[in-house]
$ cat protein-v5.pdb   # PDB, C-alpha atoms and all ligand atoms
ATOM      1  CA  MET A   1      14.921  12.153 -12.892
ATOM      2  CA  ARG A   2      13.803  11.283  -9.357
ATOM      3  CA  ILE A   3      10.824   8.928  -9.344
ATOM      4  CA  ASP A   4       8.900   7.696  -6.261
ATOM      5  CA  LEU A   5       6.124   5.241  -7.147
ATOM      6  CA  HIS A   6       4.499   4.494  -3.765
ATOM      7  CA  THR A   7       2.940   7.130  -1.460
ATOM      8  CA  HIS A   8      -0.159   7.454   0.741
ATOM      9  CA  SER A   9      -2.338  10.509   1.404
ATOM     10  CA  SER A  10      -5.069  11.171   3.970
ATOM     11  CA  VAL A  11      -7.489   9.579   1.515
ATOM     12  CA  SER A  12      -6.169   6.364   3.118
ATOM     13  CA  ASP A  13      -3.605   6.126   5.926
ATOM     14  CA  GLY A  14      -1.202   8.986   5.160
ATOM     15  CA  THR A  15      -1.447  12.274   7.026
ATOM     16  CA  GLU A  16      -1.209  14.792   4.144
ATOM     17  CA  THR A  17      -4.015  15.618   1.740
ATOM     18  CA  PRO A  18      -3.218  14.783  -1.898
ATOM     19  CA  ALA A  19      -2.462  18.495  -2.496
ATOM     20  CA  GLN A  20      -0.084  18.634   0.482
ATOM     21  CA  LEU A  21       1.559  15.380  -0.605
ATOM     22  CA  LEU A  22       2.267  16.763  -4.085
ATOM     23  CA  ALA A  23       3.725  19.920  -2.547
ATOM     24  CA  THR A  24       5.972  17.725  -0.373
ATOM     25  CA  ALA A  25       7.012  15.754  -3.472
ATOM     26  CA  GLY A  26       7.873  18.944  -5.358
ATOM     27  CA  ALA A  27       9.805  20.392  -2.418
ATOM     28  CA  ALA A  28      11.799  17.136  -2.149
ATOM     29  CA  GLY A  29      12.868  17.560  -5.778
ATOM     30  CA  LEU A  30      10.900  14.653  -7.215
ATOM     31  CA  ASP A  31      10.037  14.697 -10.930
ATOM     32  CA  VAL A  32       7.497  11.871 -10.739
ATOM     33  CA  VAL A  33       5.321  10.681  -7.865
ATOM     34  CA  ALA A  34       2.656   7.971  -7.816
ATOM     35  CA  LEU A  35      -0.320   8.298  -5.462
ATOM     36  CA  THR A  36      -1.070   4.778  -4.211
ATOM     37  CA  ASP A  37      -3.655   4.949  -1.445
ATOM     38  CA  HIS A  38      -4.967   1.690  -0.001
ATOM     39  CA  ASP A  39      -8.025   0.273  -1.814
ATOM     40  CA  THR A  40      -9.320   3.595  -3.183
ATOM     41  CA  THR A  41      -8.920   5.949  -6.137
ATOM     42  CA  ALA A  42     -10.673   8.803  -4.303
ATOM     43  CA  GLY A  43      -7.454  10.864  -4.316
ATOM     44  CA  TRP A  44      -6.917  10.798  -8.080
ATOM     45  CA  ALA A  45      -9.122  13.767  -8.993
ATOM     46  CA  LEU A  46      -7.759  15.799  -6.060
ATOM     47  CA  ALA A  47      -4.199  15.084  -7.197
ATOM     48  CA  GLU A  48      -4.925  15.948 -10.813
ATOM     49  CA  GLU A  49      -6.453  19.236  -9.673
ATOM     50  CA  ALA A  50      -3.613  20.145  -7.296
ATOM     51  CA  ARG A  51      -0.644  19.007  -9.416
ATOM     52  CA  PRO A  52       2.088  21.669  -9.422
ATOM     53  CA  PRO A  53       3.679  22.445 -12.821
ATOM     54  CA  GLY A  54       6.705  20.299 -13.624
ATOM     55  CA  LEU A  55       5.625  17.359 -11.473
ATOM     56  CA  THR A  56       4.265  14.206 -13.114
ATOM     57  CA  VAL A  57       1.671  12.281 -11.087
ATOM     58  CA  VAL A  58       1.023   8.604 -11.788
ATOM     59  CA  PRO A  59      -2.442   7.536 -10.607
ATOM     60  CA  GLY A  60      -2.182   4.294  -8.675
ATOM     61  CA  MET A  61      -3.393   2.290  -5.719
ATOM     62  CA  GLU A  62      -2.263  -0.388  -3.263
ATOM     63  CA  LEU A  63      -4.663  -3.322  -3.180
ATOM     64  CA  SER A  64      -4.922  -5.416   0.006
ATOM     65  CA  CYS A  65      -4.442  -9.059  -1.017
ATOM     66  CA  ARG A  66      -3.697 -12.519   0.334
ATOM     67  CA  TRP A  67      -1.635 -15.436  -0.861
ATOM     68  CA  PHE A  68      -2.929 -18.878   0.119
ATOM     69  CA  PRO A  69      -0.049 -21.315   0.767
ATOM     70  CA  ASP A  70      -0.817 -25.064   0.742
ATOM     71  CA  ASP A  71       0.403 -25.685   4.275
ATOM     72  CA  GLN A  72      -0.025 -22.411   6.226
ATOM     73  CA  PRO A  73      -2.659 -19.749   6.936
ATOM     74  CA  PRO A  74      -3.026 -17.022   4.282
ATOM     75  CA  ILE A  75      -0.226 -14.460   4.012
ATOM     76  CA  SER A  76      -1.052 -10.753   3.633
ATOM     77  CA  VAL A  77       0.433  -9.300   0.447
ATOM     78  CA  HIS A  78       0.104  -5.823  -1.051
ATOM     79  CA  LEU A  79      -0.313  -5.275  -4.762
ATOM     80  CA  LEU A  80       0.513  -1.887  -6.272
ATOM     81  CA  ALA A  81      -1.590  -1.071  -9.321
ATOM     82  CA  TYR A  82      -0.839   1.763 -11.743
ATOM     83  CA  LEU A  83      -2.653   3.433 -14.624
ATOM     84  CA  PHE A  84      -5.781   1.254 -14.525
ATOM     85  CA  ASP A  85      -9.274   2.331 -15.541
ATOM     86  CA  PRO A  86     -10.972   3.318 -12.264
ATOM     87  CA  LEU A  87     -14.389   2.605 -13.784
ATOM     88  CA  SER A  88     -13.656  -1.022 -14.684
ATOM     89  CA  PRO A  89     -16.700  -2.547 -12.918
ATOM     90  CA  ALA A  90     -15.329  -5.785 -11.462
ATOM     91  CA  PHE A  91     -12.285  -4.036  -9.996
ATOM     92  CA  ALA A  92     -14.365  -1.136  -8.629
ATOM     93  CA  ALA A  93     -16.709  -3.633  -6.934
ATOM     94  CA  GLU A  94     -13.788  -5.467  -5.328
ATOM     95  CA  ARG A  95     -12.357  -2.202  -3.955
ATOM     96  CA  ALA A  96     -15.759  -1.375  -2.453
ATOM     97  CA  ARG A  97     -15.887  -4.820  -0.823
ATOM     98  CA  LEU A  98     -12.406  -4.282   0.667
ATOM     99  CA  ARG A  99     -13.385  -0.911   2.120
ATOM    100  CA  ASP A 100     -16.443  -2.482   3.793
ATOM    101  CA  GLU A 101     -14.233  -5.234   5.126
ATOM    102  CA  ARG A 102     -11.887  -2.605   6.628
ATOM    103  CA  LEU A 103     -14.790  -0.949   8.431
ATOM    104  CA  SER A 104     -16.108  -4.129  10.061
ATOM    105  CA  ARG A 105     -12.635  -5.320  11.036
ATOM    106  CA  GLY A 106     -11.528  -1.912  12.329
ATOM    107  CA  GLU A 107     -14.579  -1.753  14.555
ATOM    108  CA  ARG A 108     -13.791  -5.219  15.978
ATOM    109  CA  ILE A 109     -10.192  -4.190  16.790
ATOM    110  CA  VAL A 110     -11.375  -1.014  18.516
ATOM    111  CA  GLU A 111     -14.116  -2.796  20.493
ATOM    112  CA  ALA A 112     -11.593  -5.331  21.802
ATOM    113  CA  LEU A 113      -9.198  -2.550  22.817
ATOM    114  CA  ALA A 114     -12.005  -0.618  24.523
ATOM    115  CA  ALA A 115     -13.223  -3.740  26.340
ATOM    116  CA  ASP A 116      -9.760  -4.013  27.915
ATOM    117  CA  GLY A 117      -9.913  -0.418  29.118
ATOM    118  CA  HIS A 118      -8.070   1.394  26.327
ATOM    119  CA  PRO A 119     -10.003   4.639  25.815
ATOM    120  CA  VAL A 120     -10.683   4.498  22.061
ATOM    121  CA  ALA A 121     -14.042   4.780  20.284
ATOM    122  CA  TRP A 122     -14.897   3.663  16.752
ATOM    123  CA  GLU A 123     -17.168   6.639  15.970
ATOM    124  CA  GLU A 124     -14.388   9.070  16.902
ATOM    125  CA  ILE A 125     -11.868   7.206  14.726
ATOM    126  CA  VAL A 126     -14.200   7.174  11.725
ATOM    127  CA  ALA A 127     -14.911  10.898  12.209
ATOM    128  CA  ALA A 128     -11.180  11.679  12.465
ATOM    129  CA  SER A 129     -10.521   9.789   9.201
ATOM    130  CA  GLU A 130     -12.609  12.461   7.398
ATOM    131  CA  GLY A 131     -13.986   9.962   4.919
ATOM    132  CA  GLY A 132     -10.633   8.296   4.278
ATOM    133  CA  VAL A 133     -10.142   4.544   4.033
ATOM    134  CA  VAL A 134      -9.640   3.440   7.653
ATOM    135  CA  GLY A 135      -6.766   1.169   8.673
ATOM    136  CA  ARG A 136      -4.715   0.307  11.730
ATOM    137  CA  PRO A 137      -2.792   3.626  11.514
ATOM    138  CA  HIS A 138      -6.059   5.440  12.329
ATOM    139  CA  VAL A 139      -6.473   3.275  15.420
ATOM    140  CA  ALA A 140      -2.822   3.981  16.263
ATOM    141  CA  ARG A 141      -3.392   7.729  16.100
ATOM    142  CA  ALA A 142      -6.424   7.407  18.380
ATOM    143  CA  LEU A 143      -4.257   5.518  20.894
ATOM    144  CA  VAL A 144      -1.748   8.391  20.708
ATOM    145  CA  ARG A 145      -4.523  10.983  21.211
ATOM    146  CA  ALA A 146      -5.772   9.015  24.217
ATOM    147  CA  GLY A 147      -2.276   9.011  25.726
ATOM    148  CA  VAL A 148      -2.073   5.188  25.691
ATOM    149  CA  VAL A 149       1.114   5.248  23.590
ATOM    150  CA  ALA A 150       3.577   7.976  22.625
ATOM    151  CA  SER A 151       3.669   7.351  18.864
ATOM    152  CA  VAL A 152       2.121   5.467  15.955
ATOM    153  CA  ASP A 153       5.215   3.255  15.858
ATOM    154  CA  GLN A 154       4.800   2.422  19.533
ATOM    155  CA  ALA A 155       1.124   1.588  18.963
ATOM    156  CA  PHE A 156       2.150  -0.918  16.276
ATOM    157  CA  ALA A 157       4.968  -2.324  18.404
ATOM    158  CA  THR A 158       2.725  -2.945  21.413
ATOM    159  CA  LEU A 159      -0.971  -3.324  20.492
ATOM    160  CA  LEU A 160      -1.564  -3.388  16.735
ATOM    161  CA  HIS A 161       1.072  -5.717  15.259
ATOM    162  CA  HIS A 162      -0.134  -8.832  13.461
ATOM    163  CA  ARG A 163       0.609 -11.146  16.414
ATOM    164  CA  SER A 164      -1.223  -8.971  18.950
ATOM    165  CA  PRO A 165      -4.345 -10.429  20.611
ATOM    166  CA  TYR A 166      -6.158  -7.366  19.242
ATOM    167  CA  TYR A 167      -5.220  -8.076  15.641
ATOM    168  CA  VAL A 168      -8.102  -9.002  13.353
ATOM    169  CA  ALA A 169      -7.348 -10.197   9.810
ATOM    170  CA  LYS A 170      -9.329  -8.924   6.792
ATOM    171  CA  ALA A 171     -10.766 -11.019   3.980
ATOM    172  CA  ASP A 172      -8.435  -9.486   1.406
ATOM    173  CA  THR A 173      -8.469 -10.298  -2.316
ATOM    174  CA  ASP A 174      -6.770 -13.472  -3.554
ATOM    175  CA  VAL A 175      -3.654 -11.944  -5.097
ATOM    176  CA  ARG A 176      -4.013 -13.867  -8.367
ATOM    177  CA  GLU A 177      -7.541 -12.512  -8.707
ATOM    178  CA  GLY A 178      -6.236  -9.031  -7.851
ATOM    179  CA  ILE A 179      -3.618  -9.268 -10.597
ATOM    180  CA  ALA A 180      -6.293 -10.345 -13.086
ATOM    181  CA  LEU A 181      -8.577  -7.442 -12.079
ATOM    182  CA  VAL A 182      -5.751  -4.895 -12.502
ATOM    183  CA  ARG A 183      -4.744  -6.298 -15.894
ATOM    184  CA  ALA A 184      -8.362  -6.430 -17.110
ATOM    185  CA  ALA A 185      -8.598  -2.712 -16.228
ATOM    186  CA  GLY A 186      -5.488  -1.926 -18.324
ATOM    187  CA  GLY A 187      -3.304  -1.478 -15.242
ATOM    188  CA  VAL A 188       0.203  -2.480 -14.217
ATOM    189  CA  PRO A 189       0.370  -4.770 -11.148
ATOM    190  CA  VAL A 190       3.568  -4.632  -9.038
ATOM    191  CA  PHE A 191       4.172  -6.739  -5.923
ATOM    192  CA  ALA A 192       4.798  -4.267  -3.036
ATOM    193  CA  HIS A 193       7.523  -4.793  -0.386
ATOM    194  CA  GLY A 194       7.332  -8.548  -1.026
ATOM    195  CA  LEU A 195      10.149  -9.603   1.304
ATOM    196  CA  ALA A 196       9.555  -7.181   4.178
ATOM    197  CA  THR A 197       9.923  -9.745   6.964
ATOM    198  CA  LYS A 198       9.479  -7.036   9.606
ATOM    199  CA  ARG A 199       5.803  -6.803   8.585
ATOM    200  CA  GLY A 200       5.033 -10.487   9.131
ATOM    201  CA  ARG A 201       5.295 -13.737   7.199
ATOM    202  CA  VAL A 202       6.411 -13.330   3.587
ATOM    203  CA  VAL A 203       5.773 -15.544   0.571
ATOM    204  CA  GLY A 204       8.347 -17.803  -1.077
ATOM    205  CA  ASP A 205       9.809 -17.620  -4.567
ATOM    206  CA  ASP A 206       7.190 -20.152  -5.731
ATOM    207  CA  ALA A 207       4.445 -17.621  -4.944
ATOM    208  CA  VAL A 208       6.219 -14.838  -6.840
ATOM    209  CA  ALA A 209       6.598 -17.164  -9.836
ATOM    210  CA  ALA A 210       2.877 -18.020  -9.636
ATOM    211  CA  MET A 211       2.018 -14.319  -9.525
ATOM    212  CA  ALA A 212       4.182 -13.718 -12.598
ATOM    213  CA  GLU A 213       2.318 -16.554 -14.306
ATOM    214  CA  ALA A 214      -0.962 -14.828 -13.349
ATOM    215  CA  GLY A 215       0.123 -11.576 -15.061
ATOM    216  CA  LEU A 216       2.198  -9.692 -12.501
ATOM    217  CA  LEU A 217       4.422  -7.132 -14.264
ATOM    218  CA  GLY A 218       6.803  -5.855 -11.606
ATOM    219  CA  LEU A 219       8.454  -6.194  -8.208
ATOM    220  CA  GLU A 220       9.118  -3.428  -5.706
ATOM    221  CA  VAL A 221      12.818  -4.088  -5.142
ATOM    222  CA  ASP A 222      13.985  -0.990  -3.240
ATOM    223  CA  HIS A 223      11.744  -0.279  -0.253
ATOM    224  CA  PRO A 224      12.635   1.072   3.217
ATOM    225  CA  ASP A 225      11.480  -2.208   4.832
ATOM    226  CA  HIS A 226      13.785  -4.360   2.634
ATOM    227  CA  SER A 227      17.303  -5.177   3.827
ATOM    228  CA  ASP A 228      20.177  -5.173   1.329
ATOM    229  CA  GLU A 229      19.898  -8.977   1.072
ATOM    230  CA  GLU A 230      16.145  -8.772   0.465
ATOM    231  CA  ARG A 231      16.675  -6.167  -2.282
ATOM    232  CA  ALA A 232      19.310  -8.343  -3.939
ATOM    233  CA  HIS A 233      16.989 -11.343  -3.819
ATOM    234  CA  MET A 234      14.082  -9.364  -5.318
ATOM    235  CA  ARG A 235      16.334  -8.009  -8.058
ATOM    236  CA  GLY A 236      17.407 -11.559  -8.929
ATOM    237  CA  LEU A 237      13.781 -12.724  -9.054
ATOM    238  CA  ALA A 238      12.802  -9.801 -11.301
ATOM    239  CA  ASP A 239      15.599 -10.663 -13.737
ATOM    240  CA  GLU A 240      14.750 -14.353 -13.667
ATOM    241  CA  LEU A 241      11.022 -13.802 -14.227
ATOM    242  CA  GLY A 242      11.343 -10.889 -16.658
ATOM    243  CA  LEU A 243       9.586  -8.395 -14.367
ATOM    244  CA  LEU A 244      10.006  -4.632 -13.963
ATOM    245  CA  ARG A 245      11.869  -3.337 -10.922
ATOM    246  CA  THR A 246      10.621  -0.376  -8.897
ATOM    247  CA  GLY A 247      11.938   1.533  -5.898
ATOM    248  CA  SER A 248       9.759   3.719  -3.655
ATOM    249  CA  SER A 249       9.449   5.280  -0.230
ATOM    250  CA  ASP A 250       5.936   4.120   0.818
ATOM    251  CA  TYR A 251       5.612   7.615   2.300
ATOM    252  CA  HIS A 252       2.773   7.982   4.867
ATOM    253  CA  GLY A 253       3.363  11.578   6.070
ATOM    254  CA  ALA A 254       3.714  11.763   9.862
ATOM    255  CA  ASN A 255       2.442   8.180  10.319
ATOM    256  CA  LYS A 256       5.936   6.889   9.470
ATOM    257  CA  THR A 257       9.410   8.351   9.812
ATOM    258  CA  THR A 258      10.412   7.582   6.186
ATOM    259  CA  PRO A 259      10.805  10.737   4.046
ATOM    260  CA  ILE A 260       9.332  10.929   0.543
ATOM    261  CA  GLY A 261      11.861   9.877  -2.107
ATOM    262  CA  ALA A 262      13.723   7.629   0.382
ATOM    263  CA  CYS A 263      13.916   5.004  -2.393
ATOM    264  CA  THR A 264      13.451   5.728  -6.094
ATOM    265  CA  THR A 265      12.831   3.974  -9.442
ATOM    266  CA  ASP A 266      15.217   3.822 -12.420
ATOM    267  CA  PRO A 267      13.948   6.031 -15.286
ATOM    268  CA  GLU A 268      14.130   3.120 -17.751
ATOM    269  CA  GLN A 269      11.983   0.931 -15.540
ATOM    270  CA  TYR A 270       9.532   3.811 -15.118
ATOM    271  CA  GLU A 271       9.269   4.292 -18.887
ATOM    272  CA  ALA A 272       8.547   0.580 -19.326
ATOM    273  CA  LEU A 273       5.858   0.794 -16.647
ATOM    274  CA  LEU A 274       4.236   3.771 -18.406
ATOM    275  CA  ALA A 275       4.256   1.885 -21.700
ATOM    276  CA  ALA A 276       2.484  -1.091 -20.062
ATOM    277  CA  GLY A 277      -0.367   0.948 -18.530
ATOM    278  CA  THR A 278      -3.326   1.543 -20.826
ATOM    279  CA  GLY A 279      -6.286   2.177 -18.490
ATOM    280  CA  ALA A 280      -5.383   5.740 -17.407
ATOM    281  CA  ALA A 281      -2.779   8.370 -18.291
ATOM    282  CA  PRO A 282      -0.341  10.138 -15.961
ATOM    283  CA  TYR A 283      -1.084  13.764 -15.055
ATOM    284  CA  ARG A 284       1.690  15.940 -16.476
ATOM    285  CA  ASP A 285       2.562  19.150 -18.296
TER     286      ASP A 285
HETATM  287  P1  LIG A 301      -4.113  -2.319   7.756
HETATM  288  O1  LIG A 301      -4.162  -2.085   6.266
HETATM  289  O2  LIG A 301      -5.252  -1.714   8.465
HETATM  290  O3  LIG A 301      -3.875  -3.760   8.124
HETATM  291  O4  LIG A 301      -2.830  -1.523   8.277
HETATM  292  C1  LIG A 301      -1.601  -1.692   7.629
HETATM  293  C2  LIG A 301      -0.920  -0.347   7.520
HETATM  294  O5  LIG A 301      -0.360  -0.051   8.794
HETATM  295  C3  LIG A 301       0.230  -0.327   6.546
HETATM  296  O6  LIG A 301      -0.207   0.087   5.281
HETATM  297  C4  LIG A 301       1.110   0.740   7.130
HETATM  298  O7  LIG A 301       0.656   1.996   6.718
HETATM  299  C5  LIG A 301       0.853   0.664   8.615
HETATM  300  N1  LIG A 301       1.881  -0.019   9.406
HETATM  301  C6  LIG A 301       2.127  -1.342   9.443
HETATM  302  N2  LIG A 301       3.110  -1.609  10.313
HETATM  303  C7  LIG A 301       3.490  -0.419  10.853
HETATM  304  C8  LIG A 301       4.468  -0.011  11.824
HETATM  305  N3  LIG A 301       5.250  -0.908  12.440
HETATM  306  N4  LIG A 301       4.563   1.302  12.116
HETATM  307  C9  LIG A 301       3.775   2.205  11.513
HETATM  308  N5  LIG A 301       2.850   1.885  10.591
HETATM  309  C10 LIG A 301       2.710   0.596  10.261
HETATM  310 FE    FE A 302      -0.402   2.089   4.815
HETATM  311 FE    FE A 303       1.921  -1.857   1.740
HETATM  312 ZN    ZN A 304       2.007   1.361   0.998
END

$ encode --input "protein-v5.pdb" --output "structure tokens" --more "lines below"
Ligand code: AMP
Ligand code: FE
Ligand code: FE
Ligand code: ZN
Amino acid sequence: MRIDLHTHSSVSDGTETPAQLLATAGAAGLDVVALTDHDTTAGWALAEEARPPGLTVVPGMELSCRWFPDDQPPISVHLLAYLFDPLSPAFAAERARLRDERLSRGERIVEALAADGHPVAWEEIVAASEGGVVGRPHVARALVRAGVVASVDQAFATLLHHRSPYYVAKADTDVREGIALVRAAGGVPVFAHGLATKRGRVVGDDAVAAMAEAGLLGLEVDHPDHSDEERAHMRGLADELGLLRTGSSDYHGANKTTPIGACTTDPEQYEALLAAGTGAAPYRD
């Protein structure tokens, strides 16, 4: 069994539609794929509809969150959520708030870039997103279209990284509140790429322990942005705290170079995750 529990479609910041993404998953020989777009479940129905026979699809999401350390500014953390009830009202309202937050912050980033002479326009970026949840990758693609940079990676390396003068933070969900919302909706919360230092500041072990206390159920151990040492550390924390371990590609289509299935989840861990999710069922034969 080959199981990839973290992918993005064009419903957020991937480049393939949910149907194309599932075709890619099937062609790569995956047996199970989770669709985990940022802050939206809009792809779930499309994925259920387009699911090829033989492939199991786990409905999921990646929630934009923050951890608030005592002595530093907030740290951005991503929370994967699986098999939750999409109609759970408090969680649905929080997702809607996050999407609004993305729109106002995206517009501020683009206005600052344009004011410095970079030929990008917010209306064009929103139109190009085709109703998807807009993030920095959409701004990156606009910079590529405008010829400012050669690639999405180069856009992040030069203008869009979190230390750039153009970076604008979002008022993301307090991660402990996010965990509570996912659990209240019958879902399984898993801390995504928790030690990926290349993405910015990461939280300490104390924060992971506090998240476990708040109801976290798993850690993403194997992820393309984790070094071998970071994976080993995450694995140790999962064992210590009694959490599930996942492995996933974080596939984003052409917005990243990582292929689907680049990291995978142990079947036993996957079965335990399925058993813990009560708010929605996987789509399967
Ligand atoms: P946002 O949610 O708008 O802050 O944008 C974060 C998203 O940007 C992540 O989910 C990734 O998809 C993408 N991203 C972050 N860093 C990079 C990078 N160095 N290269 C390409 N994509 C990136
Ligand atoms: Fe993303
Ligand atoms: Fe993420
Ligand atoms: Zn992701």

$ residues_near_ligand --input "protein-v5.pdb" --ligand "ligand ZN 304 (chain A)" --cutoff "9 Å" --atoms "all atoms listed in the file" --output "list of chain:residue names"
A:His6, A:Thr7, A:His8, A:Asp13, A:Thr36, A:Asp37, A:His38, A:Met61, A:Glu62, A:His78, A:Leu80, A:Ala192, A:His193, A:Ser249, A:Asp250, A:Tyr251, A:His252

$ atom_distance --input "protein-v5.pdb" --atom1 "atom CA of A:Ala150" --atom2 "atom CA of A:Arg136"
15.7 Å

$ residues_around --input "protein-v5.pdb" --residues "A:Arg108" --least-positions-apart "6" --cutoff "10 Å" --atoms "only C-alpha atoms" --output "ChimeraX atom specification"
/A:102,114,122,166-168

$ write_last_selection --input "protein-v5.pdb" --atoms "C-alpha atoms" --output "PDB file, in the coordinates of the input"
ATOM      1  CA  ARG A 102     -11.887  -2.605   6.628  1.00  0.00           C
ATOM      2  CA  ALA A 114     -12.005  -0.618  24.523  1.00  0.00           C
ATOM      3  CA  TRP A 122     -14.897   3.663  16.752  1.00  0.00           C
ATOM      4  CA  TYR A 166      -6.158  -7.366  19.242  1.00  0.00           C
ATOM      5  CA  TYR A 167      -5.220  -8.076  15.641  1.00  0.00           C
ATOM      6  CA  VAL A 168      -8.102  -9.002  13.353  1.00  0.00           C
TER       7      VAL A 168
END

$ closest_residue --input "protein-v5.pdb" --among "A:Phe156, A:Tyr283, A:Phe84, A:Phe68" --to "ligand LIG 301 (chain A)" --atoms "only C-alpha atoms and all ligand atoms"
A:Phe156

$ closest_residue --input "protein-v5.pdb" --among "A:Val188, A:Leu21, A:Leu30, A:Pro69" --to "A:Asp206" --atoms "all atoms listed in the file"
A:Pro69

$ resolve_selection --input "protein-v5.pdb" --expression "the PyMOL selection byres (((chain A and resi 253) around 7) and not hetatm)" --output "list in words"
Gly14, Thr15, Glu16, Tyr251, His252, Ala254, Asn255 and Lys256 of chain A

$ write_last_selection --input "protein-v5.pdb" --atoms "C-alpha atoms" --output "short mmCIF file (atom, residue, chain, number, x, y, z; two decimals), in the coordinates of the input"
data_model
loop_
_atom_site.label_atom_id
_atom_site.label_comp_id
_atom_site.auth_asym_id
_atom_site.auth_seq_id
_atom_site.Cartn_x
_atom_site.Cartn_y
_atom_site.Cartn_z
CA GLY A 14 -1.20 8.99 5.16
CA THR A 15 -1.45 12.27 7.03
CA GLU A 16 -1.21 14.79 4.14
CA TYR A 251 5.61 7.62 2.30
CA HIS A 252 2.77 7.98 4.87
CA ALA A 254 3.71 11.76 9.86
CA ASN A 255 2.44 8.18 10.32
CA LYS A 256 5.94 6.89 9.47
#

$ decode --input "protein-v5.pdb" --residues "stretch 80-91 of chain A" --atoms "N, CA and C atoms" --output "PDB file, in the first residue's frame"
ATOM      1  N   LEU A  80      -2.813  19.774   9.693  1.00  0.00           N
ATOM      2  CA  LEU A  80      -3.602  18.927   8.797  1.00  0.00           C
ATOM      3  C   LEU A  80      -4.812  18.417   9.568  1.00  0.00           C
ATOM      4  N   ALA A  81      -5.931  18.313   8.872  1.00  0.00           N
ATOM      5  CA  ALA A  81      -7.165  17.844   9.515  1.00  0.00           C
ATOM      6  C   ALA A  81      -7.816  16.855   8.558  1.00  0.00           C
ATOM      7  N   TYR A  82      -8.159  15.681   9.067  1.00  0.00           N
ATOM      8  CA  TYR A  82      -8.726  14.626   8.222  1.00  0.00           C
ATOM      9  C   TYR A  82     -10.100  14.214   8.731  1.00  0.00           C
ATOM     10  N   LEU A  83     -10.978  13.871   7.799  1.00  0.00           N
ATOM     11  CA  LEU A  83     -12.216  13.145   8.118  1.00  0.00           C
ATOM     12  C   LEU A  83     -13.096  13.879   9.130  1.00  0.00           C
ATOM     13  N   PHE A  84     -13.116  15.219   9.034  1.00  0.00           N
ATOM     14  CA  PHE A  84     -13.985  16.006   9.914  1.00  0.00           C
ATOM     15  C   PHE A  84     -15.293  16.310   9.189  1.00  0.00           C
ATOM     16  N   ASP A  85     -16.302  16.694   9.971  1.00  0.00           N
ATOM     17  CA  ASP A  85     -17.590  17.067   9.393  1.00  0.00           C
ATOM     18  C   ASP A  85     -17.477  18.479   8.822  1.00  0.00           C
ATOM     19  N   PRO A  86     -17.593  18.632   7.499  1.00  0.00           N
ATOM     20  CA  PRO A  86     -17.396  19.964   6.911  1.00  0.00           C
ATOM     21  C   PRO A  86     -18.499  20.955   7.312  1.00  0.00           C
ATOM     22  N   LEU A  87     -19.597  20.442   7.837  1.00  0.00           N
ATOM     23  CA  LEU A  87     -20.705  21.333   8.202  1.00  0.00           C
ATOM     24  C   LEU A  87     -20.658  21.771   9.668  1.00  0.00           C
ATOM     25  N   SER A  88     -19.709  21.267  10.421  1.00  0.00           N
ATOM     26  CA  SER A  88     -19.586  21.679  11.825  1.00  0.00           C
ATOM     27  C   SER A  88     -19.458  23.213  11.854  1.00  0.00           C
ATOM     28  N   PRO A  89     -20.445  23.918  12.470  1.00  0.00           N
ATOM     29  CA  PRO A  89     -20.558  25.366  12.245  1.00  0.00           C
ATOM     30  C   PRO A  89     -19.365  26.193  12.718  1.00  0.00           C
ATOM     31  N   ALA A  90     -18.850  25.929  13.894  1.00  0.00           N
ATOM     32  CA  ALA A  90     -17.752  26.765  14.401  1.00  0.00           C
ATOM     33  C   ALA A  90     -16.517  26.633  13.509  1.00  0.00           C
ATOM     34  N   PHE A  91     -16.236  25.416  13.068  1.00  0.00           N
ATOM     35  CA  PHE A  91     -15.062  25.188  12.223  1.00  0.00           C
ATOM     36  C   PHE A  91     -15.280  25.822  10.847  1.00  0.00           C
TER      37      PHE A  91
END
